[in-house]
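Listing of final.cif, mmCIF, C-alpha atoms
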data_structure
loop_
_atom_site.group_PDB
_atom_site.id
_atom_site.type_symbol
_atom_site.label_atom_id
_atom_site.label_comp_id
_atom_site.auth_asym_id
_atom_site.auth_seq_id
_atom_site.Cartn_x
_atom_site.Cartn_y
_atom_site.Cartn_z
ATOM 1 C CA MET A 1 5.763 -19.633 -6.371
ATOM 2 C CA LEU A 2 4.807 -15.963 -6.004
ATOM 3 C CA THR A 3 2.285 -14.595 -8.501
ATOM 4 C CA ILE A 4 1.530 -10.877 -8.821
ATOM 5 C CA ARG A 5 -1.534 -9.832 -10.794
ATOM 6 C CA ASP A 6 -4.385 -7.349 -11.035
ATOM 7 C CA VAL A 7 -7.127 -7.627 -8.448
ATOM 8 C CA GLU A 8 -10.408 -8.957 -9.820
ATOM 9 C CA SER A 9 -13.884 -8.655 -8.312
ATOM 10 C CA CYS A 10 -13.756 -12.197 -6.975
ATOM 11 C CA ASP A 11 -10.584 -11.289 -5.007
ATOM 12 C CA ILE A 12 -12.183 -8.518 -2.945
ATOM 13 C CA PRO A 13 -13.149 -10.678 0.089
ATOM 14 C CA ALA A 14 -9.583 -12.055 0.345
ATOM 15 C CA VAL A 15 -8.026 -8.602 -0.141
ATOM 16 C CA ARG A 16 -10.290 -7.173 2.562
ATOM 17 C CA ARG A 17 -9.399 -10.003 4.989
ATOM 18 C CA LEU A 18 -5.698 -9.337 4.321
ATOM 19 C CA LEU A 19 -6.098 -5.591 4.932
ATOM 20 C CA VAL A 20 -8.081 -6.071 8.148
ATOM 21 C CA ALA A 21 -5.620 -8.649 9.510
ATOM 22 C CA THR A 22 -2.587 -6.584 8.558
ATOM 23 C CA TRP A 23 -4.006 -3.366 9.976
ATOM 24 C CA HIS A 24 -4.837 -5.031 13.299
ATOM 25 C CA ALA A 25 -1.365 -6.594 13.506
ATOM 26 C CA THR A 26 0.314 -3.298 12.633
ATOM 27 C CA TYR A 27 -1.788 -0.643 14.350
ATOM 28 C CA ASP A 28 -3.698 -2.150 17.299
ATOM 29 C CA SER A 29 -0.854 -1.282 19.684
ATOM 30 C CA SER A 30 -0.627 2.361 18.560
ATOM 31 C CA LEU A 31 -4.206 3.227 17.559
ATOM 32 C CA GLY A 32 -6.217 0.653 19.514
ATOM 33 C CA PRO A 33 -8.316 -2.191 18.080
ATOM 34 C CA GLU A 34 -11.544 -0.142 18.053
ATOM 35 C CA LYS A 35 -9.971 2.653 15.979
ATOM 36 C CA VAL A 36 -8.391 0.110 13.611
ATOM 37 C CA ALA A 37 -11.766 -1.597 13.141
ATOM 38 C CA GLU A 38 -13.401 1.779 12.451
ATOM 39 C CA LEU A 39 -10.760 2.726 9.868
ATOM 40 C CA THR A 40 -10.695 -0.634 8.098
ATOM 41 C CA ASP A 41 -14.499 -0.745 7.980
ATOM 42 C CA SER A 42 -14.439 2.627 6.236
ATOM 43 C CA TRP A 43 -11.291 2.588 4.094
ATOM 44 C CA HIS A 44 -11.316 -1.119 3.249
ATOM 45 C CA ALA A 45 -15.010 -1.834 2.882
ATOM 46 C CA SER A 46 -15.764 -4.328 0.125
ATOM 47 C CA GLY A 47 -17.655 -1.738 -1.916
ATOM 48 C CA THR A 48 -14.822 0.768 -1.637
ATOM 49 C CA LEU A 49 -12.259 -1.813 -2.718
ATOM 50 C CA GLY A 50 -14.478 -3.028 -5.559
ATOM 51 C CA ARG A 51 -14.736 0.491 -6.965
ATOM 52 C CA GLN A 52 -10.921 0.637 -7.216
ATOM 53 C CA ILE A 53 -10.745 -2.168 -9.770
ATOM 54 C CA GLY A 54 -10.015 -1.087 -13.328
ATOM 55 C CA VAL A 55 -9.891 2.646 -12.630
ATOM 56 C CA PRO A 56 -7.769 4.473 -15.241
ATOM 57 C CA ASN A 57 -4.313 5.602 -14.086
ATOM 58 C CA THR A 58 -4.275 3.180 -11.161
ATOM 59 C CA ALA A 59 -2.702 -0.144 -10.309
ATOM 60 C CA PHE A 60 -4.575 -2.415 -7.888
ATOM 61 C CA LEU A 61 -2.454 -5.534 -7.504
ATOM 62 C CA LEU A 62 -2.219 -8.583 -5.305
ATOM 63 C CA ALA A 63 0.444 -11.148 -4.609
ATOM 64 C CA GLU A 64 -0.528 -14.742 -4.020
ATOM 65 C CA ARG A 65 1.274 -17.917 -3.182
ATOM 66 C CA GLY A 66 -0.403 -21.287 -3.409
ATOM 67 C CA GLY A 67 -3.737 -19.600 -4.138
ATOM 68 C CA GLU A 68 -3.584 -17.502 -0.937
ATOM 69 C CA VAL A 69 -3.643 -13.703 -1.202
ATOM 70 C CA ILE A 70 -0.630 -12.587 0.857
ATOM 71 C CA ALA A 71 -0.122 -8.944 -0.192
ATOM 72 C CA THR A 72 -1.812 -6.085 -2.002
ATOM 73 C CA SER A 73 -0.964 -2.651 -3.343
ATOM 74 C CA TYR A 74 -2.893 0.268 -4.779
ATOM 75 C CA ALA A 75 -1.366 3.280 -6.518
ATOM 76 C CA VAL A 76 -2.845 6.276 -8.328
ATOM 77 C CA ALA A 77 -1.074 8.355 -10.991
ATOM 78 C CA ASP A 78 -1.549 12.033 -11.679
ATOM 79 C CA GLY A 79 0.657 12.818 -14.657
ATOM 80 C CA ASP A 80 4.208 11.795 -13.751
ATOM 81 C CA ALA A 81 3.493 11.696 -10.000
ATOM 82 C CA VAL A 82 2.203 8.512 -8.376
ATOM 83 C CA LEU A 83 0.716 8.154 -4.913
ATOM 84 C CA LEU A 84 1.180 4.698 -3.407
ATOM 85 C CA ARG A 85 -2.012 4.561 -1.379
ATOM 86 C CA ARG A 86 -1.316 1.172 0.162
ATOM 87 C CA LEU A 87 1.050 -1.770 0.182
ATOM 88 C CA TYR A 88 0.377 -4.422 2.810
ATOM 89 C CA VAL A 89 1.848 -7.884 3.304
ATOM 90 C CA LEU A 90 0.445 -10.451 5.735
ATOM 91 C CA PRO A 91 2.646 -10.437 8.851
ATOM 92 C CA ALA A 92 3.616 -14.110 8.426
ATOM 93 C CA GLN A 93 4.853 -13.334 4.889
ATOM 94 C CA GLN A 94 6.860 -10.209 5.715
ATOM 95 C CA ARG A 95 10.649 -10.070 5.302
ATOM 96 C CA ARG A 96 10.544 -12.662 2.509
ATOM 97 C CA GLY A 97 10.796 -10.344 -0.494
ATOM 98 C CA VAL A 98 7.060 -10.235 -1.187
ATOM 99 C CA GLY A 99 6.734 -6.508 -0.436
ATOM 100 C CA ALA A 100 9.748 -5.581 -2.554
ATOM 101 C CA ALA A 101 8.468 -7.686 -5.464
ATOM 102 C CA LEU A 102 5.004 -6.133 -5.226
ATOM 103 C CA LEU A 103 6.450 -2.628 -4.940
ATOM 104 C CA GLY A 104 8.622 -3.231 -8.005
ATOM 105 C CA ARG A 105 5.674 -4.483 -10.027
ATOM 106 C CA THR A 106 3.570 -1.526 -8.898
ATOM 107 C CA ILE A 107 6.283 0.929 -9.968
ATOM 108 C CA ASP A 108 6.587 -0.877 -13.315
ATOM 109 C CA ARG A 109 2.923 -0.085 -14.028
ATOM 110 C CA PHE A 110 3.793 3.618 -14.288
ATOM 111 C CA PRO A 111 6.601 3.911 -16.864
ATOM 112 C CA VAL A 112 6.445 7.721 -17.123
ATOM 113 C CA ALA A 113 6.451 8.284 -13.361
ATOM 114 C CA ARG A 114 9.088 10.639 -12.024
ATOM 115 C CA CYS A 115 8.079 10.504 -8.361
ATOM 116 C CA PHE A 116 6.373 7.967 -6.127
ATOM 117 C CA THR A 117 4.980 9.357 -2.883
ATOM 118 C CA LEU A 118 3.454 7.568 0.092
ATOM 119 C CA GLU A 119 2.388 8.133 3.674
ATOM 120 C CA VAL A 120 3.430 5.892 6.501
ATOM 121 C CA GLU A 121 2.225 6.145 10.074
ATOM 122 C CA ARG A 122 4.991 7.723 12.131
ATOM 123 C CA SER A 123 5.309 4.880 14.637
ATOM 124 C CA ASN A 124 5.447 2.165 11.952
ATOM 125 C CA ALA A 125 9.239 1.751 12.061
ATOM 126 C CA PRO A 126 9.304 -1.550 10.115
ATOM 127 C CA ALA A 127 7.449 0.045 7.180
ATOM 128 C CA ILE A 128 9.675 3.120 7.261
ATOM 129 C CA ARG A 129 12.770 0.902 7.112
ATOM 130 C CA PHE A 130 11.228 -1.149 4.277
ATOM 131 C CA TYR A 131 10.584 1.944 2.173
ATOM 132 C CA GLU A 132 14.027 3.378 2.913
ATOM 133 C CA ARG A 133 15.611 0.096 1.772
ATOM 134 C CA ASN A 134 13.587 0.442 -1.423
ATOM 135 C CA GLY A 135 14.806 3.919 -2.313
ATOM 136 C CA PHE A 136 12.316 6.181 -0.530
ATOM 137 C CA VAL A 137 13.396 9.128 1.606
ATOM 138 C CA GLN A 138 11.488 10.940 4.319
ATOM 139 C CA ALA A 139 10.221 14.249 2.934
ATOM 140 C CA ARG A 140 7.967 15.751 5.625
ATOM 141 C CA LEU A 141 5.398 15.123 8.378
ATOM 142 C CA SER A 142 1.662 15.340 7.803
ATOM 143 C CA GLY A 143 -1.667 14.372 9.292
ATOM 144 C CA CYS A 144 -2.493 10.903 7.997
ATOM 145 C CA CYS A 145 -4.461 10.988 4.744
ATOM 146 C CA GLY A 146 -4.240 14.772 4.746
ATOM 147 C CA ASP A 147 -7.298 15.059 6.988
ATOM 148 C CA ARG A 148 -6.534 13.233 10.218
ATOM 149 C CA SER A 149 -4.420 15.330 12.550
ATOM 150 C CA ASP A 150 -4.744 12.701 15.313
ATOM 151 C CA ILE A 151 -2.676 10.195 13.290
ATOM 152 C CA GLN A 152 0.734 11.540 12.346
ATOM 153 C CA ALA A 153 2.274 10.336 9.098
ATOM 154 C CA ILE A 154 5.595 10.670 7.373
ATOM 155 C CA ILE A 155 5.472 11.520 3.682
ATOM 156 C CA MET A 156 8.133 9.560 1.815
ATOM 157 C CA GLU A 157 9.238 10.010 -1.798
ATOM 158 C CA ARG A 158 11.217 8.112 -4.383
ATOM 159 C CA LEU A 159 12.395 9.908 -7.484
ATOM 160 C CA LEU A 160 12.518 7.868 -10.688
ATOM 161 C CA GLN A 161 13.858 8.248 -14.174
ATOM 162 C CA PRO A 162 10.932 7.882 -16.594
ATOM 163 C CA ARG A 163 11.125 4.865 -18.884
ATOM 164 C CA ALA A 164 9.795 4.585 -22.396
ATOM 165 C CA GLU A 165 6.571 2.599 -22.599
ATOM 166 C CA SER A 166 7.002 -0.696 -24.392
#
Give the structure from the file, written as structure tokens.
Amino acid sequence: MLTIRDVESCDIPAVRRLLVATWHATYDSSLGPEKVAELTDSWHASGTLGRQIGVPNTAFLLAERGGEVIATSYAVADGDAVLLRRLYVLPAQQRRGVGAALLGRTIDRFPVARCFTLEVERSNAPAIRFYERNGFVQARLSGCCGDRSDIQAIIMERLLQPRAES
């Protein structure tokens, strides 16, 4: 059974392992293992991840099956705009509905959102197809994370109708 819940402090080592494994599987061929290790050591350091827990206007979620963390997402709201900063699923668990379920739950956390935006590395065709299947459209090209011109990203958007908070 798939469980989706908020990340807790005790989950950080498992979330980090998932992010490192997923990044290597996804980006080693395009960026090289050394660059992937450098980026994951910076962006997905345990301290960095720990500081993302419980931050207002964010959702830091994980999906687990049988006690194993198999996916994670992190999104940040600014008014009615939400930036999906990450959504990663272990390679062995991909194409089983886990990503779509986690994306749906992440979107549900922001009932007044009108637009979800994300970046995806330009050569990551499987992720681009996943987001397109889930209602996102390609909006423009950018340097990854707004500051890295050596990694090209596609900015994707999904417009939403705001829902009343219950």
- [ ] Using only C-alpha atoms, pick whichever of A:Ala100, A:Val137, A:Val89, A:Leu159 has the shortest atom-to-atom distance to Cys115 (chain A).
- [x]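 Looking at the shortest contact to Cys115 (chain A), the residue is A:Leu159.
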Open item on the list: I'd like the residues picked by the PyMOL selection byres ((chain A and resi 77-82) around 6) written out as an MDAnalysis selection string, using the chain letters and numbers from the file.
Closed with: chainID A and resid 57 76 83 112:116
Task: Option closest in space to Asp11 (chain A), from A:Leu62, A:Thr40, A:Glu157, A:Thr117 [counting all atoms listed in the file] - done: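 Looking at the shortest contact to Asp11 (chain A), the residue is A:Leu62.
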Open item on the list: Applying 9 Å and only C-alpha atoms, which residues near Ala21 (chain A) remain after dropping the ones on its own chain fewer than 4 positions away? List them as an MDAnalysis selection string.
Closed with: chainID A and resid 16:17 25:26 90:91
Task: Nearest to Gly135 (chain A), chosen from A:Gly104, A:Gly54, A:Gly66, A:Gly32, with only C-alpha atoms counted in the distances - done: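 Using only C-alpha atoms, Gly135 (chain A) sits closest to A:Gly104.
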Name the residues, using the chain letters and numbers of the file, that sit within 7 Å of (-11.7, -4.2, -11.0) when counting all atoms listed in the file, and give them as a short mmCIF file (atom, residue, chain, number, x, y, z; two decimals) with C-alpha atoms, keeping the file's coordinate frame.
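What ended up in selection.cif:
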data_model
loop_
_atom_site.label_atom_id
_atom_site.label_comp_id
_atom_site.auth_asym_id
_atom_site.auth_seq_id
_atom_site.Cartn_x
_atom_site.Cartn_y
_atom_site.Cartn_z
CA VAL A 7 -7.13 -7.63 -8.45
CA GLU A 8 -10.41 -8.96 -9.82
CA SER A 9 -13.88 -8.65 -8.31
CA GLY A 50 -14.48 -3.03 -5.56
CA ARG A 51 -14.74 0.49 -6.96
CA GLN A 52 -10.92 0.64 -7.22
CA ILE A 53 -10.74 -2.17 -9.77
CA GLY A 54 -10.02 -1.09 -13.33
#
Open item on the list: For a test of reading the model, state the distance in Å between CA of Val55 (chain A) and CA of Arg109 (chain A), rounded to one decimal.
Closed with: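 Taking CA of Val55 (chain A) as the start and CA of Arg109 (chain A) as the end point, the length is 13.2 Å.
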Open item on the list: If we draw a sphere of 9 Å around (-0.4, -21.3, -3.7), which residues have at least one atom in it when counting only C-alpha atoms? Please report them as an NGL selection string.
Closed with: :A and (1-3 or 64-69)
TODO: Just give me the gap between CA of Leu118 (chain A) and CA of Leu84 (chain A) in Å, one decimal is fine.
DONE: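 Pair CA of Leu118 (chain A) / CA of Leu84 (chain A) returns 5.1 Å.
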